[in-house]
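Comments concern the structure below.
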Amino acid sequence: MKRRTLFQQIGSILAMLGLTETTWLTLSNRYYQALAQPNSRKLALLIGINQYPQFPVLSGCLNDVQMQRELLVYRFGFLPSDILTLTDQQASRESIEQACLEHLVKQAKSHDVVFFHFSGYGSLVQLGVLPDTLQKALVPFDAVNLPTTNFVNYLLEETLLVLLRAISTDRVTAVLDSSYYTSKTLHPQGLGIRSLPNLPRRQLAIAELEFLQQLKTLYPPVGNPVVLSATINQAICAKEFLFADIKAGLFTYALTQYLWETTPASTIRTLLSHTGSTMYQLGSQQQPGLLLGEPRNLQIKLMGDQLLLDTRASTGVITDIIDAGKTIQLSLAGLPPQVLQYYSTNSRFTTATGQQLILKSRTGLNGKAQIASPDSAVLPLVGELIQESIRVLPGNVNLLIALDPSLERIERVDATSAFAAIDAMANIIAPEQTADYIFGKLQLAPSRYGLFSLGGELIFNTDAEIGEAIRVAVQRLTPKFSTLLAAKLWRLTTNEGSTCLPIRATLEMIDSASGTVVMGRGIKNDSTTKRYAGDRAIPAIPVGSRMQYRLENLSNVSVYFILVGLNNYQSAIAFYPWIVQRDINSAKKPFLQEIVIPAGETLIIPQNETTSGWLFPTRAFFCEHQLIFSTATFSKTMLALSSAKYSAADQQLIGTLSNPLQVATALLQDLHNASGVSPDIVSNIADSYVLNVNQWASLSFCFQIV
């Protein structure tokens, strides 16, 4: 395409899309007043494609765009008129490239903020006749809409990066929720995979190559954008999952949820760590990473500086007020995804002005609430951020298991019957429901059954010998279901973004006189992540390292502490602070002593007399620790722990938990009791766990031993 012809089309396309100049509104909040300065314009281009004419339909890309748009408007202060969205048929290759030029490159000034998002297919494409000239490319809506079938109309990743580098500001962030390589791992029915195989004998359209050369000539690189990719490992595809009735990109959901609850103190490295941990807990080895940017700056570059983030953490936002103030519509995008599915009615939120909102219903990310004091003369405002104050969870949470669609009909019948016998722990669900795991066959050994994560990875040690009957397989897996359900229950306590307890916890590697911080969590996400393993977002610790936790209680009350966790989906673990009798002739058994951190003090665990820290095993594995703090005693939990096997060694151990489900339910009951919520607030309190954010903090630490 000739350059003159290309740019003649730009004006008409932008006019069709309705782009106009707007002015900043005068708002009372001083943060928004600061954003209203002429130097702080914020521009965004959001692209999502579900309905590809020639390829399988995706389901979560438009939801990704909606989630990003709400985040930018309500959390980052973007004006709606400065956000351009291209969805489905609007997102042709030319439209995307021209919108990048006109809306971003040509408008952005040196102090502006620019955000780009793409959700859709990615693929590899052949540049010439030689097969070794494959390049990464994004797949637009009109990917194969060409007169000849010998070419594809893809958008090269290189073209996008050239456009992003041409933007005249250092505050450029791009998110690519797509991938380029395909895999054949097991996936449940309806799970979207955002990559297409390379179409054989198809070459890239010449117009795209000409456009790329024109860009390189006309727009030399001036900036250093931060480009985040949904998956940094080419062997693992970007996926879209079903989260509590809404399909969305796994990466986009985890990313936007964290940005809702975070504050400017979080670095980009910490962002990747949190997002990667959430993606793993949701059942995928897909890990985000940095596609473009200066790696050494990720340790110190703050997301608040990159996107001019508001300093307040948030669970969500008020999106509308209807029925003369009787109904308050909410977006709850700041709730942890593992919590959202079980977030029950009568949960409460607090507005910035102190008003209480009571949740009455929820569909996906959207909720409807009522003002706790309906006679209040002042209504909350649309766009006002809300924060969780009371969390209501059901008392009957089970594991939800999807059946591999490749199972034969008789196998599905037998599996359903076998699971019915343990329905108090694990239930078979319909394909359109949100699952925790998949029960299916090994691809290389189709007569062997096992349990898989949602990402299609076999859960360690859940397969058996060839020829095993389905009923036997389900019975064999019952102890595993107990462990996985326990982990699901204590993940429901995660509340780093909403807790009112000022707690800081850091995981340290003892490799010098002072510990090296690996990662930190707590106190409204003033958190760090300092060790980074190659191309993975989740921090890495060398095998054989000695580790310790530093626990800081910055509140004015004493807090109690407990640690539970999961290794490689295989075994539940817990921290056992045993007290051993000094008299070697004593017949008394060791007993557990609760860990109490006085107000304003710091505690390091473990506190051994002979050695410092825990010695981590000399084998690779993935580790998840849940650190839970409460203003009241963990009496029921300690009783459950004491009934388990114990070690007589004079040390404090992280050891295997033999009764994980009993411990997990006791934990929830202890937090419920500590909250002391009146039955007048929750009518079905006997069948629920009701937790007050003033009384507990639950921080998740995920890392790998390598």
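Chain labels run A, B, ... following the order of the structure tokens; each chain numbers its residues from 1, and ligands are numbered from 1 in the order shown.
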Which polymer residues have any atom within 6 Å of an atom of Val114 of chain A, counting only C-alpha atoms, with same-chain residues fewer than 3 positions away left out, as a PyMOL selection string? chain A and resi 42-44+172
Output as a VMD selection string all residues of segment 141-293 of chain A that backbone DSSP marks as strand (DSSP E or B). chain A and resid 151 to 152 155 to 156 171 to 177 192 to 193 195 203 to 204 226 to 229 239 to 243 246 to 249 267 289 to 292
Show which residues sit within 7 Å of Val517 of chain A, as a PyMOL selection string. Count only C-alpha atoms, and ignore same-chain residues fewer than 6 positions away. chain A and resi 506-509+530
Only N, CA and C atoms, please: the residues just picked out, written as a PDB file, in the first residue's frame.
```pdb
ATOM      1  N   THR A 506       7.672 -11.011  55.094  1.00  0.00           N
ATOM      2  CA  THR A 506       8.682 -11.166  54.047  1.00  0.00           C
ATOM      3  C   THR A 506       9.326 -12.537  54.162  1.00  0.00           C
ATOM      4  N   LEU A 507       9.522 -13.152  53.005  1.00  0.00           N
ATOM      5  CA  LEU A 507      10.242 -14.415  52.924  1.00  0.00           C
ATOM      6  C   LEU A 507      11.692 -14.097  52.601  1.00  0.00           C
ATOM      7  N   GLU A 508      12.601 -14.591  53.424  1.00  0.00           N
ATOM      8  CA  GLU A 508      14.012 -14.239  53.283  1.00  0.00           C
ATOM      9  C   GLU A 508      14.860 -15.489  53.120  1.00  0.00           C
ATOM     10  N   MET A 509      15.877 -15.371  52.291  1.00  0.00           N
ATOM     11  CA  MET A 509      16.855 -16.434  52.130  1.00  0.00           C
ATOM     12  C   MET A 509      18.074 -16.065  52.953  1.00  0.00           C
ATOM     13  N   LYS A 530      12.074  -9.760  44.906  1.00  0.00           N
ATOM     14  CA  LYS A 530      13.428  -9.397  44.523  1.00  0.00           C
ATOM     15  C   LYS A 530      14.201 -10.495  43.821  1.00  0.00           C
TER      16      LYS A 530
END
```
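Restricting the calculation to only C-alpha atoms, the smallest distance between Val73 of chain A and any of A:Ile595, A:Ala473, A:Leu385, A:Leu101 is found for A:Leu385.
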I'd like the neighbourhood of Leu340 of chain A as a compact mmCIF listing (two decimals) with C-alpha atoms, in the first residue's frame, where a residue qualifies if any of its atoms comes within 10 Å (using only C-alpha atoms), though same-chain residues fewer than 5 positions away should be ignored.
```
# COMPACT_ATOMS: atom_id res chain seq x y z
CA PHE A 243 -14.47 -17.39 36.32
CA ALA A 244 -17.70 -17.30 38.33
CA LEU A 332 -16.32 -6.31 41.96
CA ALA A 333 -13.24 -6.74 39.77
CA GLY A 334 -10.90 -6.25 42.74
CA LEU A 335 -11.96 -9.44 44.51
CA ARG A 362 -24.04 -11.05 42.00
CA GLY A 364 -20.05 -12.52 37.27
CA LEU A 365 -18.13 -9.39 38.23
CA LEU A 393 -18.75 -17.37 52.42
CA LEU A 492 -10.84 -18.27 50.24
```
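The neighbours of Thr633 of chain A here are the residues that come within 8 Å of it, using only C-alpha atoms and leaving out any residue fewer than 6 positions away in the same chain; they are Tyr560, Glu594, Asp670 and Ala674 of chain A.
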Can you tell me how far atom CA of Tyr343 of chain A sits from atom CA of Val392 of chain A, in Å to one decimal? 6.3 Å
Hey, what's within 9 Å of segment 398-402 of chain A if we count only C-alpha atoms and toss same-chain stuff fewer than 6 positions away? As a PyMOL selection string, please? chain A and resi 188-189+423-431+433-440+481-482+484-485+488-489
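When only C-alpha atoms are used to compute distances to Gln98 of chain A, the closest of the residues A:Leu215, A:Tyr121, A:Leu191, A:Phe634 turns out to be A:Leu215.
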From A:Pro577, A:Gly276, A:Gly367, A:Pro502, residue lying nearest Asp320 of chain A [only C-alpha atoms]: A:Gly367
Fewer than 3 positions away in the same chain doesn't count, so skip those; otherwise give me all residues within 10 Å of Ser229 of chain A, counting only C-alpha atoms, as a ChimeraX atom specification. /A:174-179,226,232-233,238,251,287-292
Restricting the output to C-alpha atoms, write the selected residues as a compact mmCIF listing (two decimals), in the first residue's frame.
```txt
# COMPACT_ATOMS: atom_id res chain seq x y z
CA ALA A 174 1.08 -2.77 26.61
CA VAL A 175 -0.64 -6.04 27.52
CA LEU A 176 -0.81 -8.90 25.01
CA ASP A 177 -3.21 -11.64 26.12
CA SER A 178 -2.37 -13.93 23.24
CA SER A 179 0.20 -16.54 22.28
CA VAL A 226 6.84 -1.93 28.98
CA ILE A 232 6.59 -16.22 28.30
CA ASN A 233 7.04 -19.96 27.69
CA ALA A 238 -2.44 -18.28 26.60
CA PHE A 251 -3.75 -13.25 32.31
CA GLN A 287 3.25 -17.59 33.40
CA PRO A 288 3.34 -13.94 32.27
CA GLY A 289 6.54 -12.18 31.47
CA LEU A 290 8.22 -9.14 30.03
CA LEU A 291 8.25 -9.08 26.24
CA LEU A 292 9.81 -5.65 25.96
```
Can you list, as a PyMOL selection string, all residues belonging to segment 409-588 of chain A that DSSP tags as alpha helix (DSSP H)? chain A and resi 409-420+470-491
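Closest approach to Thr499 of chain A among A:Asn694, A:Asn346, A:Thr353, A:Thr315 is made by A:Asn694 (distances from only C-alpha atoms).
Distances here use only C-alpha atoms; by that measure, the residue among A:Ile49, A:Ala540, A:Ile193, A:Leu282 closest to Gln338 of chain A is A:Leu282.
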Between A:Leu699, A:Ile604, A:Leu407, A:Ile597, which residue has the minimum interatomic distance to Gly520 of chain A, considering only C-alpha atoms? A:Leu699
